[in-house]
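K.L.:
Mind looking over this structure? Questions follow.
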2 protein chains.
Amino acid sequence: MYKQIIVIRTDLDMGKGKLAAQCCHASLGAYKKTLREHPEIVKHWEMEGQQKVVLKVTSGEQLIENFQHAKDKGFPVDMIRDAGRTQIDPGTITCFAVGPWKEEELDQIYGQLKLL
Amino acid sequence: MYKQIIVIRTDLDMGKGKLAAQCCHASLGAYKKTLREHPEIVKHWEMEGQQKVVLKVTSGEQLIENFQHAKDKGFPVDMIRDAGRTQIDPGTITCFAVGPWKEEELDQIYGQLKLL
C-alpha cells in the first residue's frame, strides 16, 4: 500500500482555506517529484485510490526536522515556502509532502504525528 | 494571469485535515486534466507561481450547480466523490477544482463565492 503524507504547521494562524491551499501546493509538488523519480509507485498509488493524509506539527523547527527525516531516507519530498501575499510573512515555510511512498516506511517515521 | 480554484462544501462536518485532503484530491485531478488538454496553460500558471484559491459552498446542490457552470464553459474540472472510509458517507461529493484557467473567466463565474 502507498500513500502520500502532507505535514503542516498549526502555529501560523492560517485560515482553513489558506491551510488547504498550502497542502495542495505540497501535494502537487511531491506528486510531480515522485512521478519523475518513481513513476511505477505513482501508478500503484493511483490504482489504490491515491490516499492522502494530512498530519500536523506545531513549529517550524518540527517541520524542518520531519522534512529532514524524509530527505535522509531519499524519499521524494517537497517543502512549501509561502510567497506571503496573504496572512503570513514572505518566505515562511508552511508544510511539506512526501510521496506517494510505501505506507509502512512512512509510518516508521511519521507514525507518531497526529492527524490535522 | 491563471489560477486554480477549488470549491468545497462546508456542510459536511469534515475536520480540517479531511477537508485539506479532499482539496488535494481535487487540485491534483484538475491539474492532470488541464495538463492533458491545455499543457501551455499549466506551464504559464507554474511560471506565475501556481496560484490556488479555495472557495466554499454550503450544500451539495450548490456544489453541483457551480460544477456545472465550469462544465458548460468547457473548463477542465474534476469533482471528488469521497470513498467514505472516514467521517462521511461513501460516495458523498465533497469538492471540485477547475484549472488552472484564466483568472478573469473564473472570476466571472465564481467571483461571488466566498473564500474558505
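As shown in the C-alpha cells, the chain order sets the letters A, B, ...; within each chain, residues go from 1, and ligands are also counted from 1 in the order they appear.
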Would you mind aligning chain B to chain A, a least-squares fit over all C-alpha atoms taken in order, and returning the superposed chain as a compact mmCIF listing (two decimals) with N, CA, C and O atoms, in the first residue's frame?

P.N.:
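Output file part-v5.txt follows:
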```
# COMPACT_ATOMS: atom_id res chain seq x y z
N MET B 1 0.82 -1.23 0.00
CA MET B 1 -0.01 -0.01 0.00
C MET B 1 0.87 1.25 -0.01
O MET B 1 1.90 1.31 0.65
N TYR B 2 0.38 2.24 -0.73
CA TYR B 2 1.11 3.51 -0.83
C TYR B 2 0.21 4.64 -0.34
O TYR B 2 -1.01 4.57 -0.42
N LYS B 3 0.84 5.69 0.18
CA LYS B 3 0.07 6.88 0.50
C LYS B 3 0.96 8.10 0.34
O LYS B 3 2.19 8.00 0.25
N GLN B 4 0.32 9.23 0.28
CA GLN B 4 1.05 10.49 0.32
C GLN B 4 0.75 11.12 1.66
O GLN B 4 -0.40 11.12 2.09
N ILE B 5 1.79 11.65 2.32
CA ILE B 5 1.51 12.40 3.55
C ILE B 5 1.88 13.86 3.34
O ILE B 5 2.82 14.19 2.61
N ILE B 6 1.09 14.69 4.00
CA ILE B 6 1.33 16.12 3.98
C ILE B 6 1.45 16.55 5.44
O ILE B 6 0.60 16.19 6.26
N VAL B 7 2.52 17.26 5.77
CA VAL B 7 2.75 17.68 7.16
C VAL B 7 2.70 19.20 7.20
O VAL B 7 3.44 19.87 6.47
N ILE B 8 1.83 19.75 8.04
CA ILE B 8 1.62 21.20 8.05
C ILE B 8 1.73 21.79 9.45
O ILE B 8 1.41 21.12 10.44
N ARG B 9 2.23 23.02 9.51
CA ARG B 9 2.36 23.74 10.79
C ARG B 9 1.01 24.28 11.23
O ARG B 9 0.26 24.82 10.42
N THR B 10 0.75 24.17 12.52
CA THR B 10 -0.51 24.72 13.06
C THR B 10 -0.25 25.99 13.88
O THR B 10 -1.16 26.54 14.48
N ASP B 11 1.01 26.46 13.89
CA ASP B 11 1.34 27.62 14.72
C ASP B 11 1.33 28.94 13.94
O ASP B 11 1.75 29.97 14.46
N LEU B 12 0.84 28.91 12.70
CA LEU B 12 0.96 30.10 11.85
C LEU B 12 -0.32 30.91 11.73
O LEU B 12 -0.35 31.92 11.05
N ASP B 13 -1.40 30.44 12.37
CA ASP B 13 -2.63 31.23 12.33
C ASP B 13 -3.17 31.38 10.91
O ASP B 13 -3.69 32.45 10.55
N MET B 14 -3.01 30.33 10.11
CA MET B 14 -3.58 30.36 8.76
C MET B 14 -5.06 29.99 8.84
O MET B 14 -5.43 29.07 9.58
N GLY B 15 -5.89 30.65 8.05
CA GLY B 15 -7.28 30.24 7.94
C GLY B 15 -7.38 28.88 7.25
O GLY B 15 -6.40 28.40 6.67
N LYS B 16 -8.57 28.27 7.31
CA LYS B 16 -8.76 26.93 6.74
C LYS B 16 -8.48 26.87 5.25
O LYS B 16 -7.92 25.89 4.74
N GLY B 17 -8.85 27.93 4.53
CA GLY B 17 -8.66 27.95 3.09
C GLY B 17 -7.20 28.10 2.72
O GLY B 17 -6.70 27.45 1.80
N LYS B 18 -6.52 28.98 3.44
CA LYS B 18 -5.07 29.17 3.23
C LYS B 18 -4.34 27.86 3.50
O LYS B 18 -3.47 27.44 2.74
N LEU B 19 -4.70 27.25 4.62
CA LEU B 19 -4.10 25.98 5.02
C LEU B 19 -4.33 24.90 3.94
O LEU B 19 -3.39 24.19 3.55
N ALA B 20 -5.55 24.81 3.44
CA ALA B 20 -5.85 23.81 2.42
C ALA B 20 -5.06 24.09 1.14
O ALA B 20 -4.53 23.17 0.51
N ALA B 21 -4.94 25.37 0.77
CA ALA B 21 -4.19 25.73 -0.45
C ALA B 21 -2.72 25.37 -0.30
O ALA B 21 -2.09 24.87 -1.24
N GLN B 22 -2.16 25.59 0.89
CA GLN B 22 -0.76 25.23 1.13
C GLN B 22 -0.58 23.71 0.99
O GLN B 22 0.40 23.24 0.41
N CYS B 23 -1.52 22.95 1.53
CA CYS B 23 -1.45 21.49 1.40
C CYS B 23 -1.50 21.07 -0.07
O CYS B 23 -0.78 20.16 -0.49
N CYS B 24 -2.32 21.76 -0.86
CA CYS B 24 -2.42 21.45 -2.30
C CYS B 24 -1.09 21.74 -3.00
O CYS B 24 -0.68 20.97 -3.87
N HIS B 25 -0.42 22.83 -2.63
CA HIS B 25 0.89 23.12 -3.22
C HIS B 25 1.86 21.96 -2.95
O HIS B 25 2.55 21.48 -3.85
N ALA B 26 1.91 21.53 -1.70
CA ALA B 26 2.85 20.46 -1.31
C ALA B 26 2.48 19.14 -1.98
O ALA B 26 3.35 18.41 -2.48
N SER B 27 1.19 18.84 -1.98
CA SER B 27 0.72 17.58 -2.57
C SER B 27 1.11 17.49 -4.04
O SER B 27 1.64 16.47 -4.51
N LEU B 28 0.87 18.56 -4.77
CA LEU B 28 1.18 18.58 -6.20
C LEU B 28 2.69 18.54 -6.43
O LEU B 28 3.18 17.82 -7.31
N GLY B 29 3.44 19.26 -5.61
CA GLY B 29 4.90 19.26 -5.76
C GLY B 29 5.50 17.88 -5.53
O GLY B 29 6.35 17.42 -6.31
N ALA B 30 5.05 17.21 -4.48
CA ALA B 30 5.59 15.88 -4.17
C ALA B 30 5.14 14.87 -5.22
O ALA B 30 5.89 13.95 -5.61
N TYR B 31 3.91 15.02 -5.69
CA TYR B 31 3.41 14.15 -6.76
C TYR B 31 4.30 14.25 -8.00
O TYR B 31 4.71 13.24 -8.58
N LYS B 32 4.61 15.48 -8.42
CA LYS B 32 5.44 15.67 -9.62
C LYS B 32 6.82 15.06 -9.45
O LYS B 32 7.37 14.46 -10.37
N LYS B 33 7.37 15.26 -8.26
CA LYS B 33 8.70 14.73 -8.00
C LYS B 33 8.70 13.20 -8.02
O LYS B 33 9.58 12.56 -8.60
N THR B 34 7.69 12.61 -7.38
CA THR B 34 7.60 11.15 -7.36
C THR B 34 7.36 10.60 -8.76
O THR B 34 7.92 9.57 -9.14
N LEU B 35 6.55 11.32 -9.54
CA LEU B 35 6.28 10.88 -10.91
C LEU B 35 7.56 10.86 -11.75
O LEU B 35 7.77 9.94 -12.54
N ARG B 36 8.42 11.85 -11.54
CA ARG B 36 9.69 11.88 -12.28
C ARG B 36 10.63 10.76 -11.84
O ARG B 36 11.28 10.11 -12.66
N GLU B 37 10.69 10.53 -10.52
CA GLU B 37 11.70 9.61 -9.97
C GLU B 37 11.21 8.17 -9.84
O GLU B 37 12.03 7.24 -9.93
N HIS B 38 9.92 8.00 -9.59
CA HIS B 38 9.37 6.66 -9.33
C HIS B 38 7.97 6.53 -9.94
O HIS B 38 6.99 6.36 -9.20
N PRO B 39 7.88 6.62 -11.27
CA PRO B 39 6.54 6.61 -11.89
C PRO B 39 5.73 5.36 -11.55
O PRO B 39 4.50 5.41 -11.49
N GLU B 40 6.41 4.23 -11.31
CA GLU B 40 5.68 2.99 -11.02
C GLU B 40 4.95 3.07 -9.68
O GLU B 40 3.88 2.49 -9.50
N ILE B 41 5.53 3.81 -8.74
CA ILE B 41 4.88 3.99 -7.43
C ILE B 41 3.63 4.86 -7.59
O ILE B 41 2.58 4.57 -7.01
N VAL B 42 3.74 5.91 -8.38
CA VAL B 42 2.57 6.77 -8.61
C VAL B 42 1.45 5.96 -9.23
O VAL B 42 0.28 6.08 -8.84
N LYS B 43 1.78 5.08 -10.16
CA LYS B 43 0.77 4.26 -10.84
C LYS B 43 0.04 3.36 -9.83
O LYS B 43 -1.19 3.27 -9.82
N HIS B 44 0.81 2.69 -8.98
CA HIS B 44 0.20 1.83 -7.96
C HIS B 44 -0.71 2.63 -7.03
O HIS B 44 -1.81 2.21 -6.70
N TRP B 45 -0.20 3.75 -6.59
CA TRP B 45 -0.94 4.61 -5.65
C TRP B 45 -2.27 5.07 -6.28
O TRP B 45 -3.32 5.05 -5.63
N GLU B 46 -2.23 5.43 -7.55
CA GLU B 46 -3.46 5.87 -8.23
C GLU B 46 -4.45 4.72 -8.34
O GLU B 46 -5.65 4.91 -8.16
N MET B 47 -3.94 3.53 -8.59
CA MET B 47 -4.83 2.37 -8.71
C MET B 47 -5.47 2.01 -7.36
O MET B 47 -6.57 1.49 -7.31
N GLU B 48 -4.75 2.32 -6.30
CA GLU B 48 -5.26 2.00 -4.96
C GLU B 48 -6.20 3.09 -4.41
O GLU B 48 -6.69 2.95 -3.29
N GLY B 49 -6.36 4.18 -5.13
CA GLY B 49 -7.26 5.23 -4.64
C GLY B 49 -6.55 6.47 -4.13
O GLY B 49 -7.15 7.33 -3.50
N GLN B 50 -5.26 6.56 -4.41
CA GLN B 50 -4.42 7.72 -4.07
C GLN B 50 -4.69 8.33 -2.68
O GLN B 50 -5.07 9.49 -2.57
N GLN B 51 -4.46 7.53 -1.68
CA GLN B 51 -4.66 8.00 -0.31
C GLN B 51 -3.73 9.19 0.03
O GLN B 51 -2.55 9.17 -0.30
N LYS B 52 -4.33 10.19 0.67
CA LYS B 52 -3.58 11.37 1.13
C LYS B 52 -3.94 11.60 2.58
O LYS B 52 -5.11 11.59 2.94
N VAL B 53 -2.94 11.83 3.41
CA VAL B 53 -3.18 12.02 4.83
C VAL B 53 -2.47 13.30 5.27
O VAL B 53 -1.31 13.52 4.93
N VAL B 54 -3.19 14.14 6.02
CA VAL B 54 -2.61 15.40 6.47
C VAL B 54 -2.29 15.32 7.96
O VAL B 54 -3.16 15.04 8.79
N LEU B 55 -1.03 15.54 8.29
CA LEU B 55 -0.54 15.45 9.67
C LEU B 55 -0.10 16.83 10.13
O LEU B 55 0.14 17.72 9.32
N LYS B 56 0.04 16.99 11.45
CA LYS B 56 0.39 18.33 11.92
C LYS B 56 1.63 18.35 12.81
O LYS B 56 1.94 17.39 13.51
N VAL B 57 2.32 19.49 12.75
CA VAL B 57 3.40 19.82 13.70
C VAL B 57 3.11 21.24 14.21
O VAL B 57 2.34 21.98 13.60
N THR B 58 3.76 21.59 15.32
CA THR B 58 3.39 22.85 15.96
C THR B 58 4.46 23.94 15.87
O THR B 58 4.34 24.98 16.50
N SER B 59 5.52 23.69 15.08
CA SER B 59 6.54 24.73 14.91
C SER B 59 7.32 24.52 13.62
O SER B 59 7.32 23.43 13.03
N GLY B 60 8.04 25.57 13.21
CA GLY B 60 8.90 25.48 12.05
C GLY B 60 10.06 24.50 12.27
O GLY B 60 10.47 23.80 11.35
N GLU B 61 10.56 24.45 13.52
CA GLU B 61 11.66 23.53 13.84
C GLU B 61 11.21 22.08 13.64
O GLU B 61 11.92 21.26 13.06
N GLN B 62 10.01 21.77 14.14
CA GLN B 62 9.48 20.42 13.97
C GLN B 62 9.25 20.09 12.50
O GLN B 62 9.44 18.95 12.07
N LEU B 63 8.84 21.10 11.74
CA LEU B 63 8.60 20.88 10.32
C LEU B 63 9.92 20.52 9.63
O LEU B 63 9.99 19.53 8.87
N ILE B 64 10.95 21.29 9.90
CA ILE B 64 12.26 21.05 9.28
C ILE B 64 12.83 19.69 9.69
O ILE B 64 13.34 18.94 8.85
N GLU B 65 12.70 19.38 10.96
CA GLU B 65 13.21 18.10 11.48
C GLU B 65 12.53 16.92 10.77
O GLU B 65 13.19 15.98 10.33
N ASN B 66 11.21 17.00 10.63
CA ASN B 66 10.49 15.91 9.98
C ASN B 66 10.75 15.86 8.48
O ASN B 66 10.79 14.78 7.88
N PHE B 67 10.93 17.00 7.88
CA PHE B 67 11.30 17.08 6.47
C PHE B 67 12.65 16.40 6.25
O PHE B 67 12.84 15.61 5.33
N GLN B 68 13.59 16.69 7.16
CA GLN B 68 14.94 16.14 7.05
C GLN B 68 14.94 14.60 7.12
O GLN B 68 15.71 13.94 6.43
N HIS B 69 14.06 14.05 7.94
CA HIS B 69 13.96 12.58 8.03
C HIS B 69 13.66 11.97 6.66
O HIS B 69 14.24 10.95 6.29
N ALA B 70 12.74 12.59 5.93
CA ALA B 70 12.39 12.07 4.61
C ALA B 70 13.55 12.26 3.63
O ALA B 70 13.85 11.37 2.82
N LYS B 71 14.21 13.42 3.71
CA LYS B 71 15.37 13.68 2.85
C LYS B 71 16.46 12.64 3.10
O LYS B 71 17.06 12.11 2.17
N ASP B 72 16.73 12.37 4.39
CA ASP B 72 17.79 11.42 4.75
C ASP B 72 17.52 10.03 4.18
O ASP B 72 18.43 9.29 3.83
N LYS B 73 16.24 9.68 4.11
CA LYS B 73 15.86 8.36 3.59
C LYS B 73 15.83 8.35 2.06
O LYS B 73 15.63 7.30 1.44
N GLY B 74 15.92 9.52 1.45
CA GLY B 74 15.86 9.60 -0.02
C GLY B 74 14.46 9.54 -0.58
O GLY B 74 14.27 9.28 -1.77
N PHE B 75 13.45 9.81 0.27
CA PHE B 75 12.06 9.81 -0.23
C PHE B 75 11.82 11.09 -1.05
O PHE B 75 12.39 12.14 -0.74
N PRO B 76 10.94 11.02 -2.05
CA PRO B 76 10.61 12.24 -2.81
C PRO B 76 9.76 13.18 -1.96
O PRO B 76 8.69 12.80 -1.50
N VAL B 77 10.23 14.39 -1.78
CA VAL B 77 9.60 15.30 -0.82
C VAL B 77 9.63 16.71 -1.37
O VAL B 77 10.53 17.08 -2.13
N ASP B 78 8.62 17.48 -1.03
CA ASP B 78 8.57 18.88 -1.48
C ASP B 78 8.14 19.79 -0.33
O ASP B 78 7.09 19.58 0.26
N MET B 79 8.97 20.77 -0.02
CA MET B 79 8.68 21.74 1.05
C MET B 79 8.11 23.01 0.43
O MET B 79 8.59 23.46 -0.61
N ILE B 80 7.13 23.59 1.09
CA ILE B 80 6.50 24.81 0.57
C ILE B 80 6.91 26.03 1.40
O ILE B 80 6.82 26.04 2.63
N ARG B 81 7.36 27.02 0.69
CA ARG B 81 7.73 28.31 1.26
C ARG B 81 6.72 29.31 0.70
O ARG B 81 6.62 29.49 -0.51
N ASP B 82 5.93 29.91 1.56
CA ASP B 82 4.83 30.75 1.08
C ASP B 82 5.33 32.08 0.52
O ASP B 82 6.25 32.69 1.07
N ALA B 83 4.68 32.54 -0.56
CA ALA B 83 5.03 33.83 -1.15
C ALA B 83 4.64 34.98 -0.22
O ALA B 83 5.13 36.10 -0.36
N GLY B 84 3.75 34.70 0.71
CA GLY B 84 3.44 35.68 1.76
C GLY B 84 2.60 36.85 1.31
O GLY B 84 2.66 37.91 1.90
N ARG B 85 1.79 36.64 0.27
CA ARG B 85 0.91 37.74 -0.15
C ARG B 85 -0.24 37.93 0.83
O ARG B 85 -0.80 39.00 0.93
N THR B 86 -0.62 36.86 1.52
CA THR B 86 -1.75 36.94 2.47
C THR B 86 -1.43 36.19 3.75
O THR B 86 -0.82 35.12 3.72
N GLN B 87 -1.83 36.74 4.84
CA GLN B 87 -1.85 36.09 6.17
C GLN B 87 -0.50 35.85 6.85
O GLN B 87 -0.41 35.97 8.05
N ILE B 88 0.55 35.48 6.11
CA ILE B 88 1.83 35.19 6.77
C ILE B 88 3.00 35.86 6.05
O ILE B 88 2.85 36.32 4.92
N ASP B 89 4.14 35.92 6.73
CA ASP B 89 5.30 36.62 6.18
C ASP B 89 5.89 35.91 4.96
O ASP B 89 5.94 34.68 4.93
N PRO B 90 6.39 36.68 3.97
CA PRO B 90 7.02 36.08 2.78
C PRO B 90 8.15 35.14 3.18
O PRO B 90 8.94 35.48 4.06
N GLY B 91 8.21 34.00 2.53
CA GLY B 91 9.31 33.08 2.76
C GLY B 91 9.10 32.12 3.91
O GLY B 91 9.94 31.26 4.16
N THR B 92 7.98 32.23 4.61
CA THR B 92 7.69 31.32 5.72
C THR B 92 7.49 29.90 5.19
O THR B 92 6.73 29.68 4.24
N ILE B 93 8.15 28.91 5.82
CA ILE B 93 7.88 27.53 5.44
C ILE B 93 6.59 27.09 6.14
O ILE B 93 6.38 27.37 7.33
N THR B 94 5.70 26.47 5.38
CA THR B 94 4.37 26.14 5.91
C THR B 94 4.11 24.65 6.01
O THR B 94 3.44 24.20 6.95
N CYS B 95 4.58 23.87 5.05
CA CYS B 95 4.27 22.45 5.02
C CYS B 95 5.18 21.73 4.04
O CYS B 95 5.89 22.36 3.26
N PHE B 96 5.17 20.41 4.12
CA PHE B 96 5.83 19.61 3.09
C PHE B 96 4.99 18.36 2.83
O PHE B 96 4.15 18.00 3.65
N ALA B 97 5.22 17.73 1.69
CA ALA B 97 4.55 16.47 1.38
C ALA B 97 5.60 15.45 0.96
O ALA B 97 6.65 15.82 0.42
N VAL B 98 5.31 14.19 1.23
CA VAL B 98 6.19 13.09 0.84
C VAL B 98 5.39 12.11 0.00
O VAL B 98 4.30 11.68 0.39
N GLY B 99 5.97 11.77 -1.16
CA GLY B 99 5.43 10.68 -1.94
C GLY B 99 4.30 11.04 -2.87
O GLY B 99 4.13 12.22 -3.18
N PRO B 100 3.58 10.04 -3.31
CA PRO B 100 3.28 8.78 -2.65
C PRO B 100 4.51 7.91 -2.42
O PRO B 100 5.42 7.88 -3.25
N TRP B 101 4.43 7.17 -1.29
CA TRP B 101 5.52 6.28 -0.93
C TRP B 101 4.96 5.10 -0.15
O TRP B 101 3.76 5.11 0.20
N LYS B 102 5.80 4.12 0.14
CA LYS B 102 5.32 2.92 0.84
C LYS B 102 4.79 3.28 2.23
O LYS B 102 5.50 3.88 3.04
N GLU B 103 3.58 2.86 2.51
CA GLU B 103 2.90 3.21 3.75
C GLU B 103 3.73 2.82 4.98
O GLU B 103 3.88 3.62 5.91
N GLU B 104 4.27 1.60 4.98
CA GLU B 104 4.95 1.16 6.21
C GLU B 104 6.25 1.95 6.46
O GLU B 104 6.61 2.21 7.61
N GLU B 105 6.90 2.36 5.39
CA GLU B 105 8.11 3.17 5.58
C GLU B 105 7.77 4.58 6.08
O GLU B 105 8.51 5.15 6.89
N LEU B 106 6.67 5.12 5.59
CA LEU B 106 6.23 6.43 6.08
C LEU B 106 5.80 6.33 7.54
O LEU B 106 6.11 7.21 8.35
N ASP B 107 5.09 5.25 7.88
CA ASP B 107 4.60 5.11 9.26
C ASP B 107 5.75 4.98 10.26
O ASP B 107 5.62 5.42 11.40
N GLN B 108 6.85 4.37 9.82
CA GLN B 108 8.02 4.27 10.71
C GLN B 108 8.52 5.65 11.12
O GLN B 108 8.97 5.85 12.24
N ILE B 109 8.47 6.58 10.22
CA ILE B 109 8.99 7.92 10.51
C ILE B 109 7.92 8.84 11.08
O ILE B 109 8.17 9.63 11.98
N TYR B 110 6.71 8.74 10.50
CA TYR B 110 5.68 9.74 10.81
C TYR B 110 4.52 9.19 11.62
O TYR B 110 3.54 9.90 11.85
N GLY B 111 4.64 7.95 12.06
CA GLY B 111 3.55 7.30 12.78
C GLY B 111 3.15 8.01 14.06
O GLY B 111 2.02 7.86 14.53
N GLN B 112 4.08 8.77 14.64
CA GLN B 112 3.77 9.43 15.91
C GLN B 112 3.12 10.81 15.72
O GLN B 112 2.63 11.40 16.69
N LEU B 113 3.13 11.30 14.49
CA LEU B 113 2.50 12.62 14.27
C LEU B 113 0.97 12.48 14.26
O LEU B 113 0.43 11.50 13.77
N LYS B 114 0.30 13.50 14.76
CA LYS B 114 -1.17 13.47 14.83
C LYS B 114 -1.80 13.98 13.54
O LYS B 114 -1.25 14.84 12.86
N LEU B 115 -2.99 13.45 13.24
CA LEU B 115 -3.77 13.94 12.12
C LEU B 115 -4.16 15.39 12.37
O LEU B 115 -4.47 15.76 13.50
N LEU B 116 -4.17 16.17 11.28
CA LEU B 116 -4.63 17.57 11.42
C LEU B 116 -6.11 17.55 11.78
O LEU B 116 -6.88 16.83 11.19
```

K.L.:
When DSSP works through the backbone of this structure, what residues of stretch 17-91 of chain B end up as strand (DSSP E), shown as a PyMOL selection string?

P.N.:
chain B and resi 52-57+77-81
